[in-house]
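Just final_18.cif here, mmCIF, C-alpha atoms; chains and numbers go by the auth columns:
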data_data
#
loop_
_atom_site.group_PDB
_atom_site.id
_atom_site.type_symbol
_atom_site.label_atom_id
_atom_site.label_comp_id
_atom_site.label_asym_id
_atom_site.label_seq_id
_atom_site.Cartn_x
_atom_site.Cartn_y
_atom_site.Cartn_z
_atom_site.B_iso_or_equiv
_atom_site.auth_seq_id
_atom_site.auth_asym_id
ATOM 1 C CA MET A 1 141.025 98.680 79.125 0.00 755 O
ATOM 2 C CA CYS A 2 138.189 100.611 80.728 0.00 756 O
ATOM 3 C CA THR A 3 135.260 98.284 81.306 0.00 757 O
ATOM 4 C CA ALA A 4 132.184 98.466 83.469 0.00 758 O
ATOM 5 C CA ASP A 5 132.448 96.883 86.872 0.00 759 O
ATOM 6 C CA PRO A 6 129.973 93.997 87.196 0.00 760 O
ATOM 7 C CA THR A 7 128.298 95.709 90.141 0.00 761 O
ATOM 8 C CA GLY A 8 127.728 98.827 88.051 0.00 762 O
ATOM 9 C CA ALA A 9 129.755 101.393 89.967 0.00 763 O
ATOM 10 C CA LEU A 10 132.097 102.085 92.793 0.00 764 O
ATOM 11 C CA THR A 11 130.522 103.370 95.944 0.00 765 O
ATOM 12 C CA LEU A 12 131.154 104.110 99.581 0.00 766 O
ATOM 13 C CA ARG A 13 130.700 101.276 102.019 0.00 767 O
ATOM 14 C CA ALA A 14 131.322 101.585 105.723 0.00 768 O
ATOM 15 C CA GLY A 15 130.051 100.772 109.139 0.00 769 O
ATOM 16 C CA ALA A 16 129.213 103.295 111.805 0.00 770 O
ATOM 17 C CA LEU A 17 131.383 106.224 110.848 0.00 771 O
ATOM 18 C CA ARG A 18 132.588 108.044 113.929 0.00 772 O
ATOM 19 C CA PHE A 19 134.876 110.977 113.188 0.00 773 O
ATOM 20 C CA HIS A 20 136.801 112.397 116.134 0.00 774 O
ATOM 21 C CA ARG A 21 138.414 115.080 113.985 0.00 775 O
ATOM 22 C CA PRO A 22 137.598 116.549 110.580 0.00 776 O
ATOM 23 C CA ALA A 23 137.998 113.756 108.077 0.00 777 O
ATOM 24 C CA VAL A 24 137.132 112.965 104.506 0.00 778 O
ATOM 25 C CA ALA A 25 136.011 109.793 102.846 0.00 779 O
ATOM 26 C CA MET A 26 136.120 108.623 99.253 0.00 780 O
ATOM 27 C CA ALA A 27 135.363 105.418 97.430 0.00 781 O
ATOM 28 C CA ALA A 28 138.616 103.640 96.702 0.00 782 O
ATOM 29 C CA PRO A 29 139.548 102.441 93.197 0.00 783 O
ATOM 30 C CA ALA A 30 138.290 98.944 93.936 0.00 784 O
ATOM 31 C CA PRO A 31 134.626 97.937 94.287 0.00 785 O
ATOM 32 C CA GLY A 32 133.195 98.337 97.726 0.00 786 O
ATOM 33 C CA LEU A 33 136.091 99.951 99.538 0.00 787 O
ATOM 34 C CA ILE A 34 136.215 103.183 101.458 0.00 788 O
ATOM 35 C CA SER A 35 139.253 105.374 101.927 0.00 789 O
ATOM 36 C CA VAL A 36 139.417 107.765 104.859 0.00 790 O
ATOM 37 C CA PHE A 37 141.839 110.661 104.970 0.00 791 O
ATOM 38 C CA SER A 38 142.872 112.952 107.784 0.00 792 O
ATOM 39 C CA SER A 39 142.624 116.127 105.689 0.00 793 O
ATOM 40 C CA PRO A 40 141.049 117.482 102.506 0.00 794 O
ATOM 41 C CA GLN A 41 144.563 117.929 101.140 0.00 795 O
ATOM 42 C CA GLU A 42 145.232 114.196 101.348 0.00 796 O
ATOM 43 C CA LEU A 43 141.862 113.450 99.777 0.00 797 O
ATOM 44 C CA GLY A 44 142.409 115.915 96.942 0.00 798 O
ATOM 45 C CA ALA A 45 145.741 114.385 95.995 0.00 799 O
ATOM 46 C CA SER A 46 144.331 110.856 96.059 0.00 800 O
ATOM 47 C CA LEU A 47 141.244 111.850 94.086 0.00 801 O
ATOM 48 C CA ALA A 48 143.366 113.541 91.424 0.00 802 O
ATOM 49 C CA GLN A 49 145.471 110.398 91.054 0.00 803 O
ATOM 50 C CA LEU A 50 142.329 108.289 90.748 0.00 804 O
ATOM 51 C CA VAL A 51 141.039 110.536 87.941 0.00 805 O
ATOM 52 C CA VAL A 52 144.350 110.402 86.068 0.00 806 O
ATOM 53 C CA GLN A 53 144.645 106.632 86.437 0.00 807 O
ATOM 54 C CA ARG A 54 141.083 106.134 85.230 0.00 808 O
ATOM 55 C CA ALA A 55 141.750 108.426 82.267 0.00 809 O
ATOM 56 C CA ALA A 56 144.865 106.487 81.284 0.00 810 O
ATOM 57 C CA CYS A 57 142.933 103.237 81.446 0.00 811 O
ATOM 58 C CA CYS A 58 140.146 104.555 79.237 0.00 812 O
ATOM 59 C CA LEU A 59 142.420 106.222 76.689 0.00 813 O
ATOM 60 C CA GLU A 60 144.086 102.865 76.103 0.00 814 O
ATOM 61 C CA GLY A 61 140.704 101.247 75.449 0.00 815 O
ATOM 62 C CA ALA A 62 138.741 100.824 72.278 0.00 816 O
ATOM 63 C CA ARG A 63 136.922 104.153 72.617 0.00 817 O
ATOM 64 C CA ALA A 64 140.196 106.022 73.236 0.00 818 O
ATOM 65 C CA ARG A 65 138.473 108.776 75.178 0.00 819 O
ATOM 66 C CA PHE A 66 137.744 109.692 78.774 0.00 820 O
ATOM 67 C CA ALA A 67 134.412 111.142 79.861 0.00 821 O
ATOM 68 C CA LEU A 68 134.394 112.726 83.321 0.00 822 O
ATOM 69 C CA GLY A 69 131.356 114.081 85.149 0.00 823 O
ATOM 70 C CA LEU A 70 132.045 116.770 87.738 0.00 824 O
ATOM 71 C CA SER A 71 130.078 117.989 90.735 0.00 825 O
ATOM 72 C CA GLY A 72 130.369 121.255 92.622 0.00 826 O
ATOM 73 C CA GLY A 73 130.823 122.258 96.231 0.00 827 O
ATOM 74 C CA SER A 74 134.124 121.437 97.884 0.00 828 O
ATOM 75 C CA LEU A 75 135.126 119.319 94.899 0.00 829 O
ATOM 76 C CA VAL A 76 135.868 122.446 92.883 0.00 830 O
ATOM 77 C CA SER A 77 138.686 123.577 95.130 0.00 831 O
ATOM 78 C CA MET A 78 140.052 120.045 95.581 0.00 832 O
ATOM 79 C CA LEU A 79 140.235 119.250 91.891 0.00 833 O
ATOM 80 C CA SER A 80 141.443 122.719 90.929 0.00 834 O
ATOM 81 C CA ARG A 81 144.289 122.416 93.388 0.00 835 O
ATOM 82 C CA ASP A 82 145.465 118.890 92.580 0.00 836 O
ATOM 83 C CA LEU A 83 144.221 117.662 89.193 0.00 837 O
ATOM 84 C CA PRO A 84 146.270 119.892 86.841 0.00 838 O
ATOM 85 C CA ALA A 85 149.585 118.767 88.307 0.00 839 O
ATOM 86 C CA ALA A 86 148.496 115.138 88.381 0.00 840 O
ATOM 87 C CA ALA A 87 147.391 115.269 84.743 0.00 841 O
ATOM 88 C CA ALA A 88 150.395 117.230 83.453 0.00 842 O
ATOM 89 C CA PRO A 89 152.736 114.253 82.860 0.00 843 O
ATOM 90 C CA ALA A 90 150.246 112.745 80.387 0.00 844 O
ATOM 91 C CA GLY A 91 150.481 115.884 78.243 0.00 845 O
ATOM 92 C CA SER A 92 148.012 117.944 76.244 0.00 846 O
ATOM 93 C CA THR A 93 147.539 115.195 73.655 0.00 847 O
ATOM 94 C CA ASN A 94 145.793 113.027 76.217 0.00 848 O
ATOM 95 C CA LEU A 95 143.771 115.928 77.601 0.00 849 O
ATOM 96 C CA ALA A 96 142.538 116.569 74.059 0.00 850 O
ATOM 97 C CA ARG A 97 140.641 113.279 74.360 0.00 851 O
ATOM 98 C CA TRP A 98 138.911 114.169 77.617 0.00 852 O
ATOM 99 C CA THR A 99 135.242 115.161 77.686 0.00 853 O
ATOM 100 C CA LEU A 100 133.944 117.012 80.732 0.00 854 O
ATOM 101 C CA GLY A 101 130.309 117.215 81.758 0.00 855 O
ATOM 102 C CA PHE A 102 128.539 118.397 84.892 0.00 856 O
ATOM 103 C CA CYS A 103 126.398 116.170 87.071 0.00 857 O
ATOM 104 C CA ASP A 104 124.089 119.049 87.869 0.00 858 O
ATOM 105 C CA GLU A 105 124.082 122.795 87.476 0.00 859 O
ATOM 106 C CA ARG A 106 122.296 125.799 88.901 0.00 860 O
ATOM 107 C CA LEU A 107 120.417 127.915 86.394 0.00 861 O
ATOM 108 C CA VAL A 108 122.411 131.085 87.027 0.00 862 O
ATOM 109 C CA PRO A 109 124.829 133.046 84.826 0.00 863 O
ATOM 110 C CA PHE A 110 128.312 131.565 84.612 0.00 864 O
ATOM 111 C CA GLU A 111 129.638 134.670 86.372 0.00 865 O
ATOM 112 C CA HIS A 112 127.414 133.954 89.387 0.00 866 O
ATOM 113 C CA PRO A 113 129.185 132.464 92.447 0.00 867 O
ATOM 114 C CA GLU A 114 126.649 129.588 92.477 0.00 868 O
ATOM 115 C CA SER A 115 127.567 128.438 88.948 0.00 869 O
ATOM 116 C CA THR A 116 129.475 125.166 89.109 0.00 870 O
ATOM 117 C CA TYR A 117 130.835 125.544 85.601 0.00 871 O
ATOM 118 C CA GLY A 118 131.708 129.163 86.316 0.00 872 O
ATOM 119 C CA LEU A 119 133.856 128.111 89.276 0.00 873 O
ATOM 120 C CA TYR A 120 135.619 125.403 87.296 0.00 874 O
ATOM 121 C CA ARG A 121 136.116 127.852 84.419 0.00 875 O
ATOM 122 C CA THR A 122 137.858 130.236 86.775 0.00 876 O
ATOM 123 C CA HIS A 123 139.862 127.846 88.919 0.00 877 O
ATOM 124 C CA LEU A 124 140.467 124.600 87.011 0.00 878 O
ATOM 125 C CA LEU A 125 140.111 124.899 83.252 0.00 879 O
ATOM 126 C CA PRO A 126 142.844 127.523 82.692 0.00 880 O
ATOM 127 C CA ARG A 127 145.280 124.925 84.080 0.00 881 O
ATOM 128 C CA LEU A 128 143.657 121.845 82.546 0.00 882 O
ATOM 129 C CA PRO A 129 143.536 122.491 78.788 0.00 883 O
ATOM 130 C CA VAL A 130 140.611 120.288 77.760 0.00 884 O
ATOM 131 C CA PRO A 131 139.305 121.580 74.390 0.00 885 O
ATOM 132 C CA ALA A 132 136.487 124.051 74.940 0.00 886 O
ATOM 133 C CA ASP A 133 134.106 122.171 72.646 0.00 887 O
ATOM 134 C CA GLN A 134 134.560 119.075 74.827 0.00 888 O
ATOM 135 C CA VAL A 135 133.415 120.846 77.981 0.00 889 O
ATOM 136 C CA LEU A 136 129.645 120.336 77.996 0.00 890 O
ATOM 137 C CA THR A 137 127.629 123.013 79.779 0.00 891 O
ATOM 138 C CA ILE A 138 124.072 124.170 80.124 0.00 892 O
ATOM 139 C CA ASP A 139 122.861 127.356 78.464 0.00 893 O
ATOM 140 C CA PRO A 140 121.905 129.495 81.482 0.00 894 O
ATOM 141 C CA GLU A 141 119.984 131.970 79.339 0.00 895 O
ATOM 142 C CA LEU A 142 117.300 129.399 78.503 0.00 896 O
ATOM 143 C CA PRO A 143 114.252 128.627 80.651 0.00 897 O
ATOM 144 C CA VAL A 144 114.928 125.677 82.906 0.00 898 O
ATOM 145 C CA GLU A 145 112.973 123.135 80.815 0.00 899 O
ATOM 146 C CA ALA A 146 114.696 124.235 77.610 0.00 900 O
ATOM 147 C CA ALA A 147 118.077 124.288 79.368 0.00 901 O
ATOM 148 C CA ALA A 148 117.609 120.649 80.368 0.00 902 O
ATOM 149 C CA GLU A 149 116.644 119.662 76.821 0.00 903 O
ATOM 150 C CA ASP A 150 119.591 121.580 75.393 0.00 904 O
ATOM 151 C CA TYR A 151 122.047 119.912 77.770 0.00 905 O
ATOM 152 C CA ALA A 152 120.563 116.487 76.992 0.00 906 O
ATOM 153 C CA ALA A 153 121.086 117.158 73.270 0.00 907 O
ATOM 154 C CA LYS A 154 124.729 118.084 73.911 0.00 908 O
ATOM 155 C CA LEU A 155 125.248 114.870 75.845 0.00 909 O
ATOM 156 C CA ARG A 156 123.655 112.756 73.118 0.00 910 O
ATOM 157 C CA GLN A 157 125.904 114.405 70.537 0.00 911 O
ATOM 158 C CA ALA A 158 128.998 113.790 72.646 0.00 912 O
ATOM 159 C CA PHE A 159 128.019 110.196 73.468 0.00 913 O
ATOM 160 C CA GLN A 160 126.923 109.060 70.039 0.00 914 O
ATOM 161 C CA GLY A 161 126.355 105.330 70.003 0.00 915 O
ATOM 162 C CA ASP A 162 125.252 105.197 73.646 0.00 916 O
ATOM 163 C CA THR A 163 121.544 104.742 74.280 0.00 917 O
ATOM 164 C CA ILE A 164 122.204 106.478 77.601 0.00 918 O
ATOM 165 C CA PRO A 165 125.363 108.586 78.005 0.00 919 O
ATOM 166 C CA VAL A 166 127.999 106.404 79.651 0.00 920 O
ATOM 167 C CA PHE A 167 130.499 108.420 81.674 0.00 921 O
ATOM 168 C CA ASP A 168 133.771 106.711 82.479 0.00 922 O
ATOM 169 C CA LEU A 169 133.868 108.423 85.869 0.00 923 O
ATOM 170 C CA LEU A 170 131.300 110.416 87.807 0.00 924 O
ATOM 171 C CA ILE A 171 132.467 112.270 90.899 0.00 925 O
ATOM 172 C CA LEU A 172 129.481 112.839 93.136 0.00 926 O
ATOM 173 C CA GLY A 173 128.977 114.635 96.398 0.00 927 O
ATOM 174 C CA VAL A 174 126.380 113.779 98.999 0.00 928 O
ATOM 175 C CA GLY A 175 124.423 116.296 101.064 0.00 929 O
ATOM 176 C CA PRO A 176 123.484 116.052 104.750 0.00 930 O
ATOM 177 C CA ASP A 177 119.976 115.058 103.614 0.00 931 O
ATOM 178 C CA GLY A 178 121.320 112.271 101.380 0.00 932 O
ATOM 179 C CA HIS A 179 120.834 114.111 98.095 0.00 933 O
ATOM 180 C CA THR A 180 123.267 113.707 95.241 0.00 934 O
ATOM 181 C CA CYS A 181 123.371 115.818 92.078 0.00 935 O
ATOM 182 C CA SER A 182 120.098 117.760 92.332 0.00 936 O
ATOM 183 C CA LEU A 183 118.130 114.640 93.245 0.00 937 O
ATOM 184 C CA PHE A 184 116.533 115.300 96.621 0.00 938 O
ATOM 185 C CA PRO A 185 114.744 112.980 99.065 0.00 939 O
ATOM 186 C CA GLY A 186 111.093 112.435 98.241 0.00 940 O
ATOM 187 C CA HIS A 187 111.251 114.437 94.993 0.00 941 O
ATOM 188 C CA PRO A 188 109.379 113.158 91.907 0.00 942 O
ATOM 189 C CA LEU A 189 112.605 113.263 89.885 0.00 943 O
ATOM 190 C CA LEU A 190 113.707 110.128 91.714 0.00 944 O
ATOM 191 C CA GLU A 191 111.106 108.278 89.631 0.00 945 O
ATOM 192 C CA GLU A 192 112.327 109.656 86.285 0.00 946 O
ATOM 193 C CA GLN A 193 113.357 106.841 83.941 0.00 947 O
ATOM 194 C CA GLU A 194 113.002 108.349 80.449 0.00 948 O
ATOM 195 C CA LYS A 195 114.921 111.622 80.530 0.00 949 O
ATOM 196 C CA ILE A 196 118.691 111.674 80.802 0.00 950 O
ATOM 197 C CA VAL A 197 118.641 115.284 82.013 0.00 951 O
ATOM 198 C CA ALA A 198 115.802 116.788 84.024 0.00 952 O
ATOM 199 C CA PRO A 199 114.850 120.316 85.051 0.00 953 O
ATOM 200 C CA ILE A 200 113.989 121.131 88.636 0.00 954 O
ATOM 201 C CA SER A 201 112.239 124.349 89.599 0.00 955 O
ATOM 202 C CA ASP A 202 111.556 123.645 93.260 0.00 956 O
ATOM 203 C CA SER A 203 114.923 122.617 94.645 0.00 957 O
ATOM 204 C CA PRO A 204 114.784 122.615 98.467 0.00 958 O
ATOM 205 C CA LYS A 205 118.329 123.930 98.377 0.00 959 O
ATOM 206 C CA PRO A 206 118.681 127.342 96.691 0.00 960 O
ATOM 207 C CA PRO A 207 118.811 128.376 93.962 0.00 961 O
ATOM 208 C CA PRO A 208 115.512 126.644 93.130 0.00 962 O
ATOM 209 C CA GLN A 209 116.044 126.241 89.362 0.00 963 O
ATOM 210 C CA ARG A 210 118.563 123.593 88.354 0.00 964 O
ATOM 211 C CA VAL A 211 119.400 121.024 85.706 0.00 965 O
ATOM 212 C CA THR A 212 120.471 117.539 86.783 0.00 966 O
ATOM 213 C CA LEU A 213 121.510 114.178 85.428 0.00 967 O
ATOM 214 C CA THR A 214 118.931 111.535 86.251 0.00 968 O
ATOM 215 C CA LEU A 215 119.358 108.175 87.956 0.00 969 O
ATOM 216 C CA PRO A 216 119.508 106.211 84.666 0.00 970 O
ATOM 217 C CA VAL A 217 122.646 108.165 83.706 0.00 971 O
ATOM 218 C CA LEU A 218 124.210 107.782 87.145 0.00 972 O
ATOM 219 C CA ASN A 219 123.572 104.052 87.041 0.00 973 O
ATOM 220 C CA ALA A 220 124.988 103.726 83.518 0.00 974 O
ATOM 221 C CA ALA A 221 128.387 105.168 84.467 0.00 975 O
ATOM 222 C CA ARG A 222 131.390 102.845 84.430 0.00 976 O
ATOM 223 C CA THR A 223 132.681 104.209 87.712 0.00 977 O
ATOM 224 C CA VAL A 224 131.000 106.306 90.383 0.00 978 O
ATOM 225 C CA VAL A 225 132.878 107.817 93.298 0.00 979 O
ATOM 226 C CA PHE A 226 131.145 109.538 96.194 0.00 980 O
ATOM 227 C CA VAL A 227 133.201 112.113 98.036 0.00 981 O
ATOM 228 C CA ALA A 228 132.131 113.273 101.482 0.00 982 O
ATOM 229 C CA THR A 229 134.055 115.753 103.610 0.00 983 O
ATOM 230 C CA GLY A 230 133.897 116.541 107.280 0.00 984 O
ATOM 231 C CA GLU A 231 132.465 115.197 110.488 0.00 985 O
ATOM 232 C CA GLY A 232 128.993 116.421 109.573 0.00 986 O
ATOM 233 C CA LYS A 233 128.630 113.773 106.852 0.00 987 O
ATOM 234 C CA ALA A 234 129.163 110.789 109.165 0.00 988 O
ATOM 235 C CA ALA A 235 125.489 110.497 110.163 0.00 989 O
ATOM 236 C CA VAL A 236 124.134 110.603 106.613 0.00 990 O
ATOM 237 C CA LEU A 237 126.732 108.116 105.379 0.00 991 O
ATOM 238 C CA LYS A 238 125.636 105.724 108.109 0.00 992 O
ATOM 239 C CA ARG A 239 122.011 106.156 107.000 0.00 993 O
ATOM 240 C CA ILE A 240 122.850 105.656 103.324 0.00 994 O
ATOM 241 C CA LEU A 241 124.853 102.539 103.959 0.00 995 O
ATOM 242 C CA GLU A 242 122.875 100.851 106.702 0.00 996 O
ATOM 243 C CA GLU A 243 119.203 101.882 106.665 0.00 997 O
ATOM 244 C CA ARG A 244 116.823 99.369 105.148 0.00 998 O
ATOM 245 C CA ASP A 245 113.481 100.820 106.259 0.00 999 O
ATOM 246 C CA GLY A 246 111.552 103.684 104.727 0.00 1000 O
ATOM 247 C CA ALA A 247 112.139 105.518 101.482 0.00 1001 O
ATOM 248 C CA PRO A 248 115.798 105.211 100.444 0.00 1002 O
ATOM 249 C CA LEU A 249 117.859 108.358 100.259 0.00 1003 O
ATOM 250 C CA PRO A 250 118.827 109.423 96.700 0.00 1004 O
ATOM 251 C CA ALA A 251 122.467 108.406 97.099 0.00 1005 O
ATOM 252 C CA ARG A 252 121.274 104.869 97.895 0.00 1006 O
ATOM 253 C CA LEU A 253 119.384 104.599 94.619 0.00 1007 O
ATOM 254 C CA LEU A 254 122.456 103.837 92.609 0.00 1008 O
ATOM 255 C CA THR A 255 122.084 100.184 91.730 0.00 1009 O
ATOM 256 C CA VAL A 256 125.038 98.899 93.711 0.00 1010 O
ATOM 257 C CA PRO A 257 124.946 96.607 96.741 0.00 1011 O
ATOM 258 C CA PHE A 258 125.887 98.394 99.950 0.00 1012 O
ATOM 259 C CA GLU A 259 127.739 96.370 102.533 0.00 1013 O
ATOM 260 C CA LYS A 260 129.552 97.158 105.748 0.00 1014 O
ATOM 261 C CA HIS A 261 133.290 97.375 105.139 0.00 1015 O
ATOM 262 C CA SER A 262 134.836 98.975 108.210 0.00 1016 O
ATOM 263 C CA THR A 263 134.098 100.773 111.427 0.00 1017 O
ATOM 264 C CA LEU A 264 136.085 103.892 112.230 0.00 1018 O
#

Full structure transcribed into structure tokens:
Amino acid sequence: MCTADPTGALTLRAGALRFHRPAVAMAAPAPGLISVFSSPQELGASLAQLVVQRAACCLEGARARFALGLSGGSLVSMLSRDLPAAAAPAGSTNLARWTLGFCDERLVPFEHPESTYGLYRTHLLPRLPVPADQVLTIDPELPVEAAAEDYAAKLRQAFQGDTIPVFDLLILGVGPDGHTCSLFPGHPLLEEQEKIVAPISDSPKPPPQRVTLTLPVLNAARTVVFVATGEGKAAVLKRILEERDGAPLPARLLTVPFEKHSTL
């Protein structure tokens, strides 16, 4: 049965990450562990298996559904490459009980190369037949404030009975500055506690207009996995996991204890 972990989420934990070759890291399917892989291909296969195993667990539970939150960037190619084959043995009947949402989205047309949903629509969804009405997207034709309200309404409809939408699994990236979703260091949205979806018009990373899940939704998820790829993420992971002084980076604001697990 899919139940919330008592710590609230899974997260990366590590010591001083020192990568001597391109490497990738992902939270393992047990609280507080970190998995390190020698290539994105190895990570993608392991991540796909984690998603499928989590889905099977949740579909056997009382709610008999699986709600997955997706992020963009390198995750699109990883999941598009590996998830369809991993999910195929479960069959279309199980996929019919999946709900897909997006952790954040750029306010651009779906045909635009910066659209996260647009990329998944092209590369993943034709091979992962989740019902179209269970793939929750923004309306990119609306102004950013209205787009956030519209997406929040879709989430509330899909997660009826939840005071805050409770995703079974959120797959999050982390930027070199420590941002996750479209929650950036020092931004007022880090203080948002009422909205489940927020607009942002001044993103320091282009495009400036975006829609993002807020920290209350991230912290309500049953499982959270951070995925970081490449040597360039080692420094920010060390900061996220070890720094105690100053304003915490957004990825540290998930309400999970961070502890040193290993030194690479």

*asked:* So that I can check the surroundings of O:Ser869, please list as a ChimeraX atom specification every protein, DNA and RNA residue that reaches within 10 Å of it, counting all atoms listed in the file and ignoring chain neighbours fewer than 4 positions away.
replied: /O:826,859-865,873-875,894

I need the residue set behind the PyMOL selection byres ((chain O and resi 803-810) around 9) for this file; please write it as a PDB file with C-alpha atoms, in the frame of the given file.
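Everything below was put into selection.pdb:
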ATOM      1  CA  MET O 755     141.025  98.680  79.125  1.00  0.00           C
ATOM      2  CA  CYS O 756     138.189 100.611  80.728  1.00  0.00           C
ATOM      3  CA  ALA O 782     138.616 103.640  96.702  1.00  0.00           C
ATOM      4  CA  PRO O 783     139.548 102.441  93.197  1.00  0.00           C
ATOM      5  CA  GLY O 798     142.409 115.915  96.942  1.00  0.00           C
ATOM      6  CA  ALA O 799     145.741 114.385  95.995  1.00  0.00           C
ATOM      7  CA  SER O 800     144.331 110.856  96.059  1.00  0.00           C
ATOM      8  CA  LEU O 801     141.244 111.850  94.086  1.00  0.00           C
ATOM      9  CA  ALA O 802     143.366 113.541  91.424  1.00  0.00           C
ATOM     10  CA  CYS O 811     142.933 103.237  81.446  1.00  0.00           C
ATOM     11  CA  CYS O 812     140.146 104.555  79.237  1.00  0.00           C
ATOM     12  CA  LEU O 813     142.420 106.222  76.689  1.00  0.00           C
ATOM     13  CA  GLU O 814     144.086 102.865  76.103  1.00  0.00           C
ATOM     14  CA  GLY O 815     140.704 101.247  75.449  1.00  0.00           C
ATOM     15  CA  ARG O 819     138.473 108.776  75.178  1.00  0.00           C
ATOM     16  CA  PHE O 820     137.744 109.692  78.774  1.00  0.00           C
ATOM     17  CA  ALA O 821     134.412 111.142  79.861  1.00  0.00           C
ATOM     18  CA  LEU O 822     134.394 112.726  83.321  1.00  0.00           C
ATOM     19  CA  ASP O 836     145.465 118.890  92.580  1.00  0.00           C
ATOM     20  CA  LEU O 837     144.221 117.662  89.193  1.00  0.00           C
ATOM     21  CA  ALA O 840     148.496 115.138  88.381  1.00  0.00           C
ATOM     22  CA  ALA O 841     147.391 115.269  84.743  1.00  0.00           C
ATOM     23  CA  ALA O 844     150.246 112.745  80.387  1.00  0.00           C
ATOM     24  CA  ASN O 848     145.793 113.027  76.217  1.00  0.00           C
ATOM     25  CA  TRP O 852     138.911 114.169  77.617  1.00  0.00           C
ATOM     26  CA  ASP O 922     133.771 106.711  82.479  1.00  0.00           C
ATOM     27  CA  LEU O 923     133.868 108.423  85.869  1.00  0.00           C
ATOM     28  CA  THR O 977     132.681 104.209  87.712  1.00  0.00           C
TER      29      THR O 977
END

*Could you check how far atom CA of O:Thr917 sits from atom CA of O:Pro970, in Å to one decimal?*
10.7 Å

*Using all atoms listed in the file, give me every residue within 12 Å of (119.1, 125.7, 82.2) in file coordinates, as a PyMOL selection string.*
chain O and resi 858-864+869+891-906+951-955+962-966

*Grab the atom CA of O:Leu849 to atom CA of O:Leu1008 distance for me, in Å with one decimal place.*
28.7 Å

*asked:* Can you translate the PyMOL selection byres ((chain O and resi 855) around 7) into the concrete residues it hits in this file, as a ChimeraX atom specification?
replied: /O:822-824,853-854,856-857,889-891

How about saving the chosen residues, C-alpha atoms kept, as an mmCIF file, in the frame of the given file?
data_model
loop_
_atom_site.group_PDB
_atom_site.id
_atom_site.type_symbol
_atom_site.label_atom_id
_atom_site.label_comp_id
_atom_site.auth_asym_id
_atom_site.auth_seq_id
_atom_site.Cartn_x
_atom_site.Cartn_y
_atom_site.Cartn_z
ATOM 1 C CA LEU O 822 134.394 112.726 83.321
ATOM 2 C CA GLY O 823 131.356 114.081 85.149
ATOM 3 C CA LEU O 824 132.045 116.770 87.738
ATOM 4 C CA THR O 853 135.242 115.161 77.686
ATOM 5 C CA LEU O 854 133.944 117.012 80.732
ATOM 6 C CA PHE O 856 128.539 118.397 84.892
ATOM 7 C CA CYS O 857 126.398 116.170 87.071
ATOM 8 C CA VAL O 889 133.415 120.846 77.981
ATOM 9 C CA LEU O 890 129.645 120.336 77.996
ATOM 10 C CA THR O 891 127.629 123.013 79.779
#

_Selection result of the PyMOL selection byres ((chain O and resi 931-934) around 8) on this file, as number ranges by chain_ = O: 926-930, 935-939, 990-991, 994, 1003-1005
